[in-house]
Amino acid sequence: TIDPGPSGKLTGAFGPGPTAIGKIVEWHEPERVVFGWSHEGDNTAVPSRVTVTLHESDNGTLVTLRHEGIVEQTQREGTASGWRYYLSALTNVALAEKLSSAAPKTIEIYLSAWAQTDPVQRGATLAASVADDVRFRDQYGSIDGREGLGNYIGGVQKMMGAAQIQSDGPLDRVHSFFRQSWKVQGPDKNTLFRGQNIYEFDANARLKLIVGFWG
């Protein structure tokens, strides 16, 4: 828990170890916060110092954490592992809020482009779902850019005819990466192929990486 603002106090319980305690010494909302760090019951140690800065970036907010003043090597290594874990968890939660509802819709829009034979319509659908500099990779193609992806889809349609691709299973997520199975069905609804896609989203909730695995 944390009491936000100058001189605010914080406490943190991390597993079976002692509770971490500290006091905010600098509060510059929304760019920077600095606080002391020690453990409950340890009255001999000099509190270490944690500085957290936030900067806008092309991909959202860049969080930089610097923890100084830990002398003992084993404690430094353990603390670094702990911060890596919790910063990863923070990233995961933040991206879940942003992508959990948008990602399934965006993926379905993207997959619908594979059924559109009109290049103009297909281009508009891709513009709504993939980044300008999207990268696409599968065992048959290596494409950079949205226009190139549209042309690639058009070429596949000439070979596949009226077959259509659709999602086929739950959507799994780790940070900005998603994984989902797909299937290709013919006009008679028989399944012709199966595979799996890996997706990565950009800060605007559009696809910037698509990797397809067949079989």
# chains A, B, ... in the order shown; residues from 1 in each chain; ligands from 1
>>> residues_around(residues="Gly123 of chain A", least_positions_apart="2", cutoff="8 Å", atoms="only C-alpha atoms", output="PyMOL selection string")
chain A and resi 113+119-121+125-127+147+150
>>> select_by_dssp(residues="segment 1-205 of chain A", states="strand (DSSP E or B)", output="ChimeraX atom specification")
/A:2,9-12,20-28,32-39,48-57,60-68,130-138,141-144,164-167,172-174,177-185,191-201
>>> closest_atom_pairs(of="segment 152-184 of chain A", to="segment 188-198 of chain A", cutoff="12 Å", atoms="only C-alpha atoms", output="tab-separated table")
residue	atom	partner	partner_atom	distance
A:Met160	CA	A:Leu192	CA	10.1
A:Ala162	CA	A:Asp188	CA	9.8
A:Ala163	CA	A:Leu192	CA	8.3
A:Gln164	CA	A:Lys189	CA	9.2
A:Ile165	CA	A:Phe193	CA	9.0
A:Gln166	CA	A:Arg194	CA	9.8
A:Ser167	CA	A:Gln196	CA	9.0
A:Asp168	CA	A:Arg194	CA	8.7
A:Gly169	CA	A:Gln196	CA	9.6
A:Pro170	CA	A:Gln196	CA	11.1
A:Leu171	CA	A:Ile198	CA	10.0
A:Asp172	CA	A:Ile198	CA	9.6
A:Arg173	CA	A:Ile198	CA	9.7
A:Val174	CA	A:Ile198	CA	10.8
A:Ser176	CA	A:Ile198	CA	10.5
A:Phe177	CA	A:Ile198	CA	7.0
A:Phe178	CA	A:Ile198	CA	5.7
A:Arg179	CA	A:Ile198	CA	4.6
A:Gln180	CA	A:Asn197	CA	5.5
A:Ser181	CA	A:Gln196	CA	4.1
A:Trp182	CA	A:Gly195	CA	5.4
A:Lys183	CA	A:Arg194	CA	4.3
A:Val184	CA	A:Phe193	CA	5.1
>>> residues_around(residues="Pro6 of chain A", least_positions_apart="5", cutoff="7 Å", atoms="only C-alpha atoms", output="count of residues only")
4
>>> atom_distance(atom1="atom CA of Lys98 of chain A", atom2="atom CA of Trp214 of chain A")
29.2 Å
>>> residues_around(residues="Gly12 of chain A", least_positions_apart="2", cutoff="7 Å", atoms="only C-alpha atoms", output="compact mmCIF listing (two decimals) with N, CA and C atoms, in the first residue's frame")
# COMPACT_ATOMS: atom_id res chain seq x y z
N THR A 1 0.84 -1.19 0.00
CA THR A 1 0.00 0.00 0.00
C THR A 1 0.88 1.24 0.00
N LEU A 10 4.73 3.93 2.70
CA LEU A 10 4.39 2.75 1.91
C LEU A 10 4.80 1.50 2.65
N PHE A 14 5.90 -9.20 0.58
CA PHE A 14 6.32 -10.00 -0.57
C PHE A 14 6.65 -11.41 -0.10
N THR A 19 8.17 -7.49 5.94
CA THR A 19 7.44 -6.46 5.22
C THR A 19 8.36 -5.29 4.89
N ALA A 20 8.29 -4.84 3.65
CA ALA A 20 9.08 -3.67 3.24
C ALA A 20 8.33 -2.42 3.65
N ILE A 21 9.09 -1.43 4.13
CA ILE A 21 8.50 -0.16 4.53
C ILE A 21 9.33 0.98 3.95
>>> residues_around(residues="Arg84 of chain A", least_positions_apart="4", cutoff="12 Å", atoms="only C-alpha atoms", output="list in words")
Val63, Thr64, Leu65, Arg66, His67, Glu77, Gly78, Thr79, Ala80, Ser88, Ala89, Leu90 and Thr91 of chain A
